[in-house]
Amino acid sequence: MSFWNAFSITTRYSELPNCFFTYVQPTPLENADWLIWNSELAMRFGLPEMPQNNPELLSSFSGETVPSAFSPLAMKYAGHQFGGYNPDLGDGRGLLLAEIADKEGNRFDLHLKGAGLTPYSRSGDGRAVLRSTIREYLCSEAMAGLGIPTTRALGMMTSDTPVFREGYETGALLIRMAETHIRFGHFEHLFYSNLLAEQKLLADKVIEWHFPDCLNEEKPYVAMFNQIIDRTAYMIAQWQAVGFAHGVMNTDNMSIIGQTFDYGPFGFLDDYEPGYICNHSDYQGRYAFNQQPKIGLWNLSALAHSLSALIDKSDLETSLEQYETQLHGYFSQAMRKKLGLLSKQEGDSRLFESMFELLSQNSVDYTRFMRALSYLDTQDKQTVVDLFIDRDAATLWMDFYLIRCESEAENTEMRCREMRKVNPKYILRNYLAQQAIDKAKEGDYREVDVLAMLLASPFDEHPEFEQYAQLPPEWGKKMEISCSS
Ligand code: AMP
Ligand code: MG
């Protein structure tokens, strides 16, 4: 009897017509073996806490065998990449294996990234390398730890399959989980292929599966679009507040449910540098850190255009007009929380802007600065001022901030306690990921484990891992990550 018989497995997406996907069997990796397994996430779905004792788990996820309950398929989509429309996209190396329900009955996609060739592989090899797989695993779990909407990672495998990039690398596999893998690009594909009845069906399914409340609205498709806008605005506001740059905000990497999706050359800010470009191939800085809110609107506008057969132009425009206000609202809310401010007051924007200006002018580490502010219950304000070259300007801002704090009802102790719950001590700095990758290449996965553990609870103190919260070394600052993954 198959291990999977005990689980509630479906694949609702496979009920859609042919133009939505192709059935593809995974191509197994040679000698695949677990590199890391997300016990906490696994247990939410009733999966084993430890995978090692279950050979069927390994063979089902490595592509060695395909359980009868699974119906692996490659999704077809399109998308705007760096501003240009590309009709020829789809899961080129990813496969939707099946949907599995958690204990509350919420269904999640089980998706393999790096599972071999598909009809949408174009010139690619269908594989993912160790380096990029570790980065996606760690970052998606880091985002989850930070409370930012994201896809999740259930586990990761390494193998003896050689994969050629700039040189030979190790082939790896990521098991990704998300409520859906539907992207903006799914709608674009159907619109530009003039498959409008199918696009309407997709909208109906997205509403049924993910936004059922929209059915109570007078215009369900408009309500769906509003939900997508709202979630996208929320997600990007959280990125800006924590200092995360995605790096490749193409519309095929935008989740329809507003989750951070498809981790590639992302980066967290070290020094607060608004124009930070993490993607080595982004010559124009289209996806620079401070461009993300604007690109979110650009992407939503591209989606709106593709929905023009379903929704009136004037409704689309009215909906899009909400985006900037929503994003600004979510961002201010997040910044107030980070600064420990309970009430909304006039002048708060000025407080934030002057803070960002000061951080940028003095090249101060964003995460360490915010964390330092949350220790003013036990430490002197000078510890924060000392992070700046221009101490006079820093003192002025600190006085401005502390006066603002006095207008709140809570005391310093309460404020700081709350601040430490929203200002992470640990983020996935690029150099930390790189160190874990370098060790993993030698077969030592302990750094990956340590980072996974720290990033799952980034707001807690872990005194024995203090060095992971330090400033990056010079070599580790401003690392640009190549897109080849
Ligand atoms: P990404 O930049 O990872 O979002 O990928 C953009 C598109 O290229 C998607 O359709 C991917 O499936 C495809 N792709 C990326 N890398 C590979 C690869 N190694 N083999 C096949 N397809 C790939
Ligand atoms: Mg992608």
# chains A, B, ... in the order shown; residues from 1 in each chain; ligands from 1
call {"tool": "residues_near_ligand", "arguments": {"ligand": "ligand 1", "cutoff": "7 Å", "atoms": "only C-alpha atoms and all ligand atoms", "output": "ChimeraX atom specification"}}
result
/A:89-94,117,120-128,252-253,262,264,483,485
call {"tool": "residues_around", "arguments": {"residues": "segment 270-283 of chain A", "least_positions_apart": "4", "cutoff": "6 Å", "atoms": "only C-alpha atoms", "output": "list of chain:residue names"}}
result
A:Gly247, A:Pro265, A:Phe266, A:Ala288, A:Phe289, A:Asn290, A:Leu359, A:Ser360, A:Ser363, A:Val364, A:Asp365, A:Tyr366, A:Glu480, A:Ile481, A:Ser482
call {"tool": "select_by_dssp", "arguments": {"residues": "segment 60-134 of chain A", "states": "helix (DSSP H, G or I)", "output": "mmCIF file with all heavy atoms, in the first residue's frame"}}
result
data_model
loop_
_atom_site.group_PDB
_atom_site.id
_atom_site.type_symbol
_atom_site.label_atom_id
_atom_site.label_comp_id
_atom_site.auth_asym_id
_atom_site.auth_seq_id
_atom_site.Cartn_x
_atom_site.Cartn_y
_atom_site.Cartn_z
ATOM 1 N N SER A 60 9.381 9.520 -4.181
ATOM 2 C CA SER A 60 8.245 10.288 -4.724
ATOM 3 C C SER A 60 8.651 11.713 -5.081
ATOM 4 O O SER A 60 8.132 12.305 -6.019
ATOM 5 C CB SER A 60 7.102 10.406 -3.716
ATOM 6 O OG SER A 60 6.758 9.174 -3.182
ATOM 7 N N PHE A 61 9.573 12.271 -4.293
ATOM 8 C CA PHE A 61 9.954 13.659 -4.539
ATOM 9 C C PHE A 61 11.172 13.784 -5.458
ATOM 10 O O PHE A 61 11.391 14.835 -6.047
ATOM 11 C CB PHE A 61 10.195 14.399 -3.221
ATOM 12 C CG PHE A 61 8.918 14.767 -2.511
ATOM 13 C CD1 PHE A 61 8.701 14.409 -1.185
ATOM 14 C CD2 PHE A 61 7.910 15.471 -3.168
ATOM 15 C CE1 PHE A 61 7.519 14.755 -0.531
ATOM 16 C CE2 PHE A 61 6.725 15.816 -2.516
ATOM 17 C CZ PHE A 61 6.526 15.456 -1.203
ATOM 18 N N SER A 62 11.940 12.716 -5.587
ATOM 19 C CA SER A 62 13.113 12.822 -6.474
ATOM 20 C C SER A 62 12.730 12.495 -7.910
ATOM 21 O O SER A 62 13.540 12.610 -8.811
ATOM 22 C CB SER A 62 14.209 11.874 -6.012
ATOM 23 O OG SER A 62 13.795 10.539 -6.220
ATOM 24 N N LEU A 130 22.442 23.476 -6.906
ATOM 25 C CA LEU A 130 22.485 23.500 -5.446
ATOM 26 C C LEU A 130 22.414 24.932 -4.890
ATOM 27 O O LEU A 130 21.607 25.249 -4.023
ATOM 28 C CB LEU A 130 23.789 22.830 -4.998
ATOM 29 C CG LEU A 130 23.925 22.513 -3.520
ATOM 30 C CD1 LEU A 130 22.939 21.443 -3.106
ATOM 31 C CD2 LEU A 130 25.353 22.061 -3.208
ATOM 32 N N ARG A 131 23.264 25.780 -5.437
ATOM 33 C CA ARG A 131 23.395 27.164 -4.985
ATOM 34 C C ARG A 131 22.046 27.880 -4.970
ATOM 35 O O ARG A 131 21.619 28.436 -3.951
ATOM 36 C CB ARG A 131 24.415 27.790 -5.945
ATOM 37 C CG ARG A 131 24.325 29.191 -6.320
ATOM 38 C CD ARG A 131 25.512 29.531 -7.248
ATOM 39 N NE ARG A 131 25.423 29.007 -8.616
ATOM 40 C CZ ARG A 131 24.684 29.531 -9.580
ATOM 41 N NH1 ARG A 131 23.932 30.578 -9.340
ATOM 42 N NH2 ARG A 131 24.659 29.009 -10.791
ATOM 43 N N SER A 132 21.329 27.840 -6.084
ATOM 44 C CA SER A 132 20.078 28.605 -6.161
ATOM 45 C C SER A 132 18.970 27.932 -5.360
ATOM 46 O O SER A 132 18.063 28.589 -4.839
ATOM 47 C CB SER A 132 19.647 28.778 -7.610
ATOM 48 O OG SER A 132 19.406 27.531 -8.200
ATOM 49 N N THR A 133 19.063 26.620 -5.242
ATOM 50 C CA THR A 133 18.051 25.890 -4.472
ATOM 51 C C THR A 133 18.187 26.198 -2.985
ATOM 52 O O THR A 133 17.196 26.431 -2.292
ATOM 53 C CB THR A 133 18.186 24.377 -4.760
ATOM 54 O OG1 THR A 133 18.150 24.188 -6.172
ATOM 55 C CG2 THR A 133 17.073 23.583 -4.134
ATOM 56 N N ILE A 134 19.424 26.253 -2.517
ATOM 57 C CA ILE A 134 19.650 26.628 -1.114
ATOM 58 C C ILE A 134 19.148 28.053 -0.878
ATOM 59 O O ILE A 134 18.486 28.345 0.117
ATOM 60 C CB ILE A 134 21.150 26.508 -0.746
ATOM 61 C CG1 ILE A 134 21.567 25.034 -0.703
ATOM 62 C CG2 ILE A 134 21.458 27.207 0.576
ATOM 63 C CD1 ILE A 134 23.058 24.798 -0.463
#
call {"tool": "residues_around", "arguments": {"residues": "Tyr426 of chain A", "least_positions_apart": "2", "cutoff": "8 Å", "atoms": "only C-alpha atoms", "output": "ChimeraX atom specification"}}
result
/A:424,428,454-455,458-459,468-469
call {"tool": "residues_around", "arguments": {"residues": "segment 432-435 of chain A", "least_positions_apart": "5", "cutoff": "9 Å", "atoms": "only C-alpha atoms", "output": "PyMOL selection string"}}
result
chain A and resi 131+134-135+138-139+440+447-448+451+468+472+476
call {"tool": "write_last_selection", "arguments": {"atoms": "C-alpha atoms", "output": "tab-separated table (two decimals), in the first residue's frame"}}
result
chain	number	residue	atom	x	y	z
A	131	ARG	CA	23.40	27.16	-4.98
A	134	ILE	CA	19.65	26.63	-1.11
A	135	ARG	CA	18.99	30.33	-1.66
A	138	LEU	CA	16.46	29.68	2.99
A	139	CYS	CA	14.88	32.88	1.73
A	440	ALA	CA	27.21	22.56	1.28
A	447	GLU	CA	25.42	25.99	7.97
A	448	VAL	CA	22.19	25.52	6.03
A	451	LEU	CA	20.54	29.50	9.05
A	468	TYR	CA	25.14	35.86	12.32
A	472	PRO	CA	28.71	41.75	6.77
A	476	GLY	CA	30.04	40.19	1.50
call {"tool": "atom_distance", "arguments": {"atom1": "atom CA of Ile148 of chain A", "atom2": "atom CA of Glu346 of chain A"}}
result
27.1 Å
call {"tool": "residues_around", "arguments": {"residues": "segment 56-59 of chain A", "least_positions_apart": "2", "cutoff": "12 Å", "atoms": "only C-alpha atoms", "output": "ChimeraX atom specification"}}
result
/A:1-4,26-37,42,47-54,61-67,154-159,173,175
call {"tool": "write_last_selection", "arguments": {"atoms": "N, CA, C and O atoms", "output": "compact mmCIF listing (two decimals), in the first residue's frame"}}
result
# COMPACT_ATOMS: atom_id res chain seq x y z
N MET A 1 0.84 -1.20 0.00
CA MET A 1 0.00 0.00 0.00
C MET A 1 0.88 1.26 0.00
O MET A 1 1.86 1.30 0.73
N SER A 2 0.50 2.22 -0.81
CA SER A 2 1.33 3.41 -0.89
C SER A 2 1.17 4.28 0.35
O SER A 2 0.07 4.43 0.90
N PHE A 3 2.27 4.82 0.75
CA PHE A 3 2.33 5.78 1.86
C PHE A 3 1.32 6.91 1.63
O PHE A 3 0.71 7.43 2.57
N TRP A 4 1.11 7.28 0.37
CA TRP A 4 0.29 8.45 0.06
C TRP A 4 -1.20 8.20 0.20
O TRP A 4 -1.99 9.15 0.20
N PRO A 26 8.46 13.65 -14.07
CA PRO A 26 9.78 14.18 -13.67
C PRO A 26 10.91 13.29 -14.18
O PRO A 26 10.72 12.09 -14.34
N THR A 27 12.05 13.88 -14.44
CA THR A 27 13.25 13.11 -14.79
C THR A 27 14.07 12.98 -13.51
O THR A 27 14.54 13.98 -12.98
N PRO A 28 14.23 11.75 -13.01
CA PRO A 28 14.89 11.61 -11.70
C PRO A 28 16.33 12.10 -11.71
O PRO A 28 17.01 12.06 -12.74
N LEU A 29 16.75 12.55 -10.55
CA LEU A 29 18.16 12.92 -10.36
C LEU A 29 18.92 11.66 -9.95
O LEU A 29 18.35 10.75 -9.35
N GLU A 30 20.21 11.63 -10.27
CA GLU A 30 21.04 10.49 -9.87
C GLU A 30 21.36 10.56 -8.38
O GLU A 30 21.83 11.60 -7.90
N ASN A 31 21.13 9.45 -7.70
CA ASN A 31 21.46 9.37 -6.27
C ASN A 31 20.96 10.55 -5.47
O ASN A 31 21.71 11.14 -4.68
N ALA A 32 19.72 10.90 -5.67
CA ALA A 32 19.18 12.05 -4.92
C ALA A 32 19.16 11.73 -3.43
O ALA A 32 18.91 10.59 -3.04
N ASP A 33 19.46 12.75 -2.64
CA ASP A 33 19.41 12.55 -1.19
C ASP A 33 19.00 13.85 -0.50
O ASP A 33 19.25 14.94 -1.02
N TRP A 34 18.39 13.70 0.65
CA TRP A 34 17.92 14.88 1.38
C TRP A 34 19.08 15.76 1.81
O TRP A 34 20.07 15.27 2.32
N LEU A 35 18.90 17.05 1.61
CA LEU A 35 19.85 18.02 2.13
C LEU A 35 19.24 18.68 3.36
O LEU A 35 19.88 18.90 4.36
N ILE A 36 17.97 18.99 3.25
CA ILE A 36 17.24 19.55 4.40
C ILE A 36 15.77 19.25 4.23
O ILE A 36 15.26 19.14 3.11
N TRP A 37 15.10 19.11 5.34
CA TRP A 37 13.67 18.80 5.36
C TRP A 37 13.04 19.72 6.39
O TRP A 37 13.59 19.89 7.48
N ALA A 42 6.24 20.07 7.37
CA ALA A 42 5.82 18.70 7.05
C ALA A 42 4.74 18.24 8.01
O ALA A 42 3.71 17.68 7.59
N LEU A 47 2.88 14.92 7.32
CA LEU A 47 4.03 14.23 6.72
C LEU A 47 5.05 13.94 7.82
O LEU A 47 5.03 14.59 8.88
N PRO A 48 5.96 12.97 7.59
CA PRO A 48 6.90 12.59 8.66
C PRO A 48 7.77 13.75 9.12
O PRO A 48 8.12 14.63 8.33
N GLU A 49 8.12 13.69 10.41
CA GLU A 49 8.99 14.73 10.95
C GLU A 49 10.39 14.60 10.37
O GLU A 49 11.06 15.58 10.10
N MET A 50 10.82 13.34 10.19
CA MET A 50 12.14 13.07 9.62
C MET A 50 11.93 12.24 8.35
O MET A 50 11.23 11.24 8.40
N PRO A 51 12.54 12.63 7.24
CA PRO A 51 12.28 11.90 6.00
C PRO A 51 13.16 10.67 5.81
O PRO A 51 12.84 9.80 5.01
N GLN A 52 14.25 10.59 6.58
CA GLN A 52 15.28 9.58 6.30
C GLN A 52 14.77 8.14 6.36
O GLN A 52 15.26 7.28 5.63
N ASN A 53 13.79 7.91 7.24
CA ASN A 53 13.34 6.52 7.40
C ASN A 53 12.26 6.13 6.42
O ASN A 53 11.66 5.08 6.55
N ASN A 54 11.98 6.99 5.48
CA ASN A 54 10.88 6.72 4.57
C ASN A 54 11.35 6.79 3.11
O ASN A 54 11.31 7.84 2.48
N PHE A 61 9.57 12.27 -4.29
CA PHE A 61 9.95 13.66 -4.54
C PHE A 61 11.17 13.78 -5.46
O PHE A 61 11.39 14.83 -6.05
N SER A 62 11.94 12.72 -5.59
CA SER A 62 13.11 12.82 -6.47
C SER A 62 12.73 12.49 -7.91
O SER A 62 13.54 12.61 -8.81
N GLY A 63 11.49 12.04 -8.12
CA GLY A 63 11.05 11.69 -9.46
C GLY A 63 11.33 10.24 -9.82
O GLY A 63 11.00 9.78 -10.91
N GLU A 64 11.92 9.51 -8.88
CA GLU A 64 12.25 8.10 -9.11
C GLU A 64 10.97 7.30 -9.37
O GLU A 64 10.90 6.49 -10.29
N THR A 65 9.96 7.54 -8.58
CA THR A 65 8.65 6.91 -8.80
C THR A 65 7.60 8.02 -8.74
O THR A 65 7.81 9.05 -8.09
N VAL A 66 6.48 7.81 -9.41
CA VAL A 66 5.41 8.80 -9.34
C VAL A 66 4.19 8.13 -8.72
O VAL A 66 3.58 7.25 -9.32
N PRO A 67 3.86 8.49 -7.50
CA PRO A 67 2.72 7.87 -6.83
C PRO A 67 1.46 8.04 -7.68
O PRO A 67 1.29 9.07 -8.35
N LEU A 154 9.40 22.86 1.48
CA LEU A 154 9.20 21.66 2.30
C LEU A 154 10.50 20.88 2.46
O LEU A 154 10.71 20.22 3.47
N GLY A 155 11.34 20.97 1.45
CA GLY A 155 12.59 20.23 1.54
C GLY A 155 13.44 20.45 0.31
O GLY A 155 13.01 21.11 -0.64
N MET A 156 14.62 19.89 0.37
CA MET A 156 15.58 20.11 -0.70
C MET A 156 16.45 18.87 -0.82
O MET A 156 16.80 18.26 0.18
N MET A 157 16.77 18.51 -2.07
CA MET A 157 17.63 17.35 -2.30
C MET A 157 18.85 17.74 -3.09
O MET A 157 18.79 18.62 -3.94
N THR A 158 19.92 17.03 -2.82
CA THR A 158 21.11 17.18 -3.62
C THR A 158 21.24 15.89 -4.44
O THR A 158 20.45 14.97 -4.28
N SER A 159 22.22 15.81 -5.34
CA SER A 159 22.32 14.63 -6.20
C SER A 159 23.70 14.51 -6.80
O SER A 159 24.57 15.37 -6.59
N LEU A 173 17.09 19.75 -6.11
CA LEU A 173 15.63 19.85 -6.26
C LEU A 173 15.04 20.54 -5.05
O LEU A 173 15.44 20.27 -3.92
N ILE A 175 11.40 21.29 -3.08
CA ILE A 175 9.95 21.02 -3.01
C ILE A 175 9.30 22.29 -2.48
O ILE A 175 9.52 22.69 -1.34
call {"tool": "closest_residue", "arguments": {"among": "A:Ala197, A:Met254, A:Ile229, A:Leu41", "to": "ligand 2", "atoms": "only C-alpha atoms and all ligand atoms"}}
result
A:Met254
call {"tool": "closest_residue", "arguments": {"among": "A:Ala309, A:Ile437, A:Val384, A:Ala372", "to": "Asn194 of chain A", "atoms": "only C-alpha atoms"}}
result
A:Ala309
call {"tool": "closest_residue", "arguments": {"among": "A:Phe352, A:Tyr263, A:Trp397, A:Tyr85", "to": "ligand 2", "atoms": "only C-alpha atoms and all ligand atoms"}}
result
A:Tyr263
call {"tool": "residues_around", "arguments": {"residues": "Leu316 of chain A", "least_positions_apart": "4", "cutoff": "12 Å", "atoms": "only C-alpha atoms", "output": "short mmCIF file (atom, residue, chain, number, x, y, z; two decimals) with all heavy atoms, in the first residue's frame"}}
result
data_model
loop_
_atom_site.label_atom_id
_atom_site.label_comp_id
_atom_site.auth_asym_id
_atom_site.auth_seq_id
_atom_site.Cartn_x
_atom_site.Cartn_y
_atom_site.Cartn_z
N LYS A 219 -19.83 42.72 -8.60
CA LYS A 219 -18.96 42.44 -9.74
C LYS A 219 -17.80 41.56 -9.27
O LYS A 219 -16.74 42.08 -8.90
CB LYS A 219 -18.42 43.76 -10.32
CG LYS A 219 -19.50 44.66 -10.91
CD LYS A 219 -18.85 45.94 -11.43
CE LYS A 219 -19.87 46.84 -12.11
NZ LYS A 219 -19.29 48.11 -12.56
N TYR A 221 -15.51 39.76 -10.70
CA TYR A 221 -14.19 39.87 -11.33
C TYR A 221 -13.47 41.14 -10.88
O TYR A 221 -12.25 41.14 -10.68
CB TYR A 221 -14.28 39.84 -12.86
CG TYR A 221 -14.89 38.55 -13.39
CD1 TYR A 221 -15.95 38.58 -14.29
CD2 TYR A 221 -14.42 37.31 -12.97
CE1 TYR A 221 -16.52 37.40 -14.76
CE2 TYR A 221 -14.98 36.12 -13.43
CZ TYR A 221 -16.03 36.17 -14.32
OH TYR A 221 -16.59 35.01 -14.78
N VAL A 222 -14.23 42.20 -10.72
CA VAL A 222 -13.64 43.44 -10.20
C VAL A 222 -13.15 43.20 -8.77
O VAL A 222 -12.04 43.60 -8.39
CB VAL A 222 -14.65 44.61 -10.23
CG1 VAL A 222 -14.05 45.86 -9.63
CG2 VAL A 222 -15.14 44.87 -11.65
N ALA A 223 -13.98 42.50 -8.01
CA ALA A 223 -13.60 42.21 -6.62
C ALA A 223 -12.33 41.36 -6.59
O ALA A 223 -11.45 41.56 -5.74
CB ALA A 223 -14.75 41.49 -5.91
N MET A 224 -12.24 40.41 -7.53
CA MET A 224 -11.02 39.58 -7.61
C MET A 224 -9.80 40.46 -7.89
O MET A 224 -8.76 40.34 -7.21
CB MET A 224 -11.17 38.54 -8.73
CG MET A 224 -9.90 37.73 -8.96
SD MET A 224 -9.95 36.73 -10.48
CE MET A 224 -9.56 37.97 -11.73
N PHE A 225 -9.93 41.35 -8.86
CA PHE A 225 -8.80 42.22 -9.21
C PHE A 225 -8.42 43.10 -8.01
O PHE A 225 -7.24 43.30 -7.71
CB PHE A 225 -9.15 43.05 -10.45
CG PHE A 225 -7.98 43.84 -10.98
CD1 PHE A 225 -6.74 43.25 -11.19
CD2 PHE A 225 -8.12 45.19 -11.27
CE1 PHE A 225 -5.66 43.97 -11.67
CE2 PHE A 225 -7.04 45.93 -11.75
CZ PHE A 225 -5.81 45.32 -11.95
N ASN A 226 -9.43 43.60 -7.30
CA ASN A 226 -9.16 44.41 -6.11
C ASN A 226 -8.37 43.62 -5.06
O ASN A 226 -7.48 44.15 -4.41
CB ASN A 226 -10.46 44.94 -5.50
CG ASN A 226 -11.07 46.04 -6.34
OD1 ASN A 226 -10.37 46.70 -7.13
ND2 ASN A 226 -12.37 46.25 -6.21
N ILE A 228 -6.36 41.12 -5.67
CA ILE A 228 -5.00 40.93 -6.16
C ILE A 228 -4.18 42.20 -5.92
O ILE A 228 -3.03 42.15 -5.47
CB ILE A 228 -4.99 40.54 -7.67
CG1 ILE A 228 -5.73 39.21 -7.86
CG2 ILE A 228 -3.56 40.45 -8.21
CD1 ILE A 228 -6.03 38.86 -9.32
N ILE A 229 -4.80 43.35 -6.19
CA ILE A 229 -4.11 44.63 -5.96
C ILE A 229 -3.77 44.79 -4.48
O ILE A 229 -2.64 45.12 -4.11
CB ILE A 229 -4.99 45.81 -6.43
CG1 ILE A 229 -5.13 45.77 -7.96
CG2 ILE A 229 -4.41 47.14 -5.97
CD1 ILE A 229 -6.11 46.79 -8.51
N LEU A 300 0.71 45.24 -12.19
CA LEU A 300 -0.76 45.18 -12.05
C LEU A 300 -1.44 45.79 -13.27
O LEU A 300 -2.51 45.33 -13.68
CB LEU A 300 -1.18 45.91 -10.76
CG LEU A 300 -0.90 45.15 -9.47
CD1 LEU A 300 -0.93 46.08 -8.26
CD2 LEU A 300 -1.89 43.99 -9.27
N SER A 301 -0.82 46.81 -13.85
CA SER A 301 -1.38 47.41 -15.06
C SER A 301 -1.32 46.43 -16.23
O SER A 301 -2.23 46.35 -17.04
CB SER A 301 -0.64 48.70 -15.43
OG SER A 301 -0.65 49.57 -14.33
N ALA A 302 -0.22 45.66 -16.29
CA ALA A 302 -0.11 44.63 -17.34
C ALA A 302 -1.19 43.57 -17.13
O ALA A 302 -1.83 43.10 -18.08
CB ALA A 302 1.27 43.99 -17.31
N LEU A 303 -1.42 43.22 -15.89
CA LEU A 303 -2.48 42.25 -15.59
C LEU A 303 -3.84 42.85 -15.96
O LEU A 303 -4.68 42.18 -16.58
CB LEU A 303 -2.45 41.87 -14.10
CG LEU A 303 -3.55 40.94 -13.62
CD1 LEU A 303 -3.48 39.57 -14.32
CD2 LEU A 303 -3.50 40.73 -12.10
N ALA A 304 -4.03 44.12 -15.60
CA ALA A 304 -5.30 44.80 -15.91
C ALA A 304 -5.56 44.76 -17.41
O ALA A 304 -6.67 44.45 -17.85
CB ALA A 304 -5.25 46.25 -15.43
N HIS A 305 -4.54 45.05 -18.18
CA HIS A 305 -4.71 45.04 -19.63
C HIS A 305 -5.19 43.66 -20.10
O HIS A 305 -6.09 43.54 -20.93
CB HIS A 305 -3.40 45.43 -20.31
CG HIS A 305 -3.52 45.53 -21.80
ND1 HIS A 305 -4.24 46.55 -22.39
CD2 HIS A 305 -3.09 44.72 -22.79
CE1 HIS A 305 -4.22 46.36 -23.71
NE2 HIS A 305 -3.53 45.26 -23.98
N SER A 306 -4.61 42.63 -19.50
CA SER A 306 -4.99 41.27 -19.93
C SER A 306 -6.39 40.90 -19.43
O SER A 306 -6.98 39.93 -19.91
CB SER A 306 -3.95 40.25 -19.45
OG SER A 306 -4.17 39.91 -18.11
N LEU A 307 -6.91 41.65 -18.48
CA LEU A 307 -8.26 41.36 -17.97
C LEU A 307 -9.32 42.22 -18.67
O LEU A 307 -10.49 42.20 -18.27
CB LEU A 307 -8.32 41.62 -16.45
CG LEU A 307 -7.50 40.66 -15.57
CD1 LEU A 307 -7.53 41.13 -14.12
CD2 LEU A 307 -8.00 39.23 -15.68
N SER A 308 -8.91 42.95 -19.70
CA SER A 308 -9.83 43.93 -20.28
C SER A 308 -11.04 43.30 -21.00
O SER A 308 -12.02 43.99 -21.25
CB SER A 308 -9.08 44.88 -21.22
OG SER A 308 -8.40 44.11 -22.20
N ALA A 309 -10.97 42.01 -21.27
CA ALA A 309 -12.14 41.36 -21.87
C ALA A 309 -13.15 40.96 -20.79
O ALA A 309 -14.32 40.67 -21.09
CB ALA A 309 -11.70 40.12 -22.65
N LEU A 310 -12.69 40.97 -19.57
CA LEU A 310 -13.50 40.46 -18.46
C LEU A 310 -14.06 41.59 -17.59
O LEU A 310 -15.10 41.46 -16.96
CB LEU A 310 -12.57 39.59 -17.60
CG LEU A 310 -13.09 38.40 -16.85
CD1 LEU A 310 -13.78 37.42 -17.79
CD2 LEU A 310 -11.91 37.70 -16.15
N ILE A 311 -13.32 42.70 -17.56
CA ILE A 311 -13.65 43.81 -16.65
C ILE A 311 -13.64 45.10 -17.46
O ILE A 311 -12.75 45.32 -18.29
CB ILE A 311 -12.61 43.89 -15.50
CG1 ILE A 311 -12.56 42.57 -14.71
CG2 ILE A 311 -12.92 45.06 -14.57
CD1 ILE A 311 -11.49 42.51 -13.63
N ASP A 312 -14.63 45.97 -17.22
CA ASP A 312 -14.68 47.27 -17.92
C ASP A 312 -13.42 48.08 -17.64
O ASP A 312 -12.91 48.08 -16.52
CB ASP A 312 -15.86 48.12 -17.38
CG ASP A 312 -17.17 47.61 -17.91
OD1 ASP A 312 -17.16 46.80 -18.87
OD2 ASP A 312 -18.21 48.01 -17.34
N LEU A 320 -7.01 50.24 -10.12
CA LEU A 320 -5.57 50.52 -10.11
C LEU A 320 -5.25 51.79 -9.32
O LEU A 320 -4.18 51.90 -8.71
CB LEU A 320 -5.05 50.66 -11.55
CG LEU A 320 -4.86 49.36 -12.33
CD1 LEU A 320 -4.53 49.67 -13.80
CD2 LEU A 320 -3.75 48.50 -11.72
N GLU A 321 -6.18 52.74 -9.36
CA GLU A 321 -5.95 54.00 -8.64
C GLU A 321 -5.80 53.78 -7.13
O GLU A 321 -5.26 54.62 -6.43
CB GLU A 321 -7.09 54.99 -8.90
CG GLU A 321 -6.91 55.74 -10.20
CD GLU A 321 -8.18 56.47 -10.63
OE1 GLU A 321 -9.07 56.70 -9.77
OE2 GLU A 321 -8.28 56.78 -11.84
N GLN A 322 -6.33 52.66 -6.64
CA GLN A 322 -6.26 52.41 -5.19
C GLN A 322 -4.86 51.98 -4.74
O GLN A 322 -4.52 52.09 -3.56
CB GLN A 322 -7.24 51.28 -4.79
CG GLN A 322 -8.67 51.47 -5.22
CD GLN A 322 -9.23 52.79 -4.72
OE1 GLN A 322 -9.07 53.11 -3.55
NE2 GLN A 322 -9.83 53.56 -5.61
N TYR A 323 -4.11 51.43 -5.68
CA TYR A 323 -2.87 50.73 -5.32
C TYR A 323 -1.90 51.58 -4.50
O TYR A 323 -1.44 51.17 -3.43
CB TYR A 323 -2.19 50.21 -6.59
CG TYR A 323 -0.78 49.71 -6.39
CD1 TYR A 323 -0.53 48.43 -5.90
CD2 TYR A 323 0.32 50.52 -6.70
CE1 TYR A 323 0.76 47.97 -5.72
CE2 TYR A 323 1.62 50.07 -6.52
CZ TYR A 323 1.84 48.80 -6.04
OH TYR A 323 3.13 48.36 -5.86
#
call {"tool": "residues_around", "arguments": {"residues": "Gln292 of chain A", "least_positions_apart": "3", "cutoff": "8 Å", "atoms": "only C-alpha atoms", "output": "PyMOL selection string"}}
result
chain A and resi 236+245+249+287-289+295-296
call {"tool": "closest_residue", "arguments": {"among": "A:Phe184, A:Phe369, A:Trp298, A:Phe261", "to": "ligand 2", "atoms": "only C-alpha atoms and all ligand atoms"}}
result
A:Phe261
call {"tool": "closest_residue", "arguments": {"among": "A:Lys421, A:His210, A:Arg107, A:His186", "to": "Ile9 of chain A", "atoms": "only C-alpha atoms"}}
result
A:Arg107
call {"tool": "closest_residue", "arguments": {"among": "A:Gln199, A:Ser193, A:Gln326, A:Thr251", "to": "ligand 2", "atoms": "only C-alpha atoms and all ligand atoms"}}
result
A:Thr251
call {"tool": "atom_distance", "arguments": {"atom1": "atom CA of Ala241 of chain A", "atom2": "atom CA of Arg371 of chain A"}}
result
13.1 Å
call {"tool": "select_by_dssp", "arguments": {"residues": "segment 69-211 of chain A", "states": "strand (DSSP E)", "output": "ChimeraX atom specification"}}
result
/A:73-75,79-81,84-86,94-101,107-113,128-129,152-158,162-164,168-178
call {"tool": "atom_distance", "arguments": {"atom1": "atom CA of Lys425 of chain A", "atom2": "atom CA of Ser407 of chain A"}}
result
26.8 Å
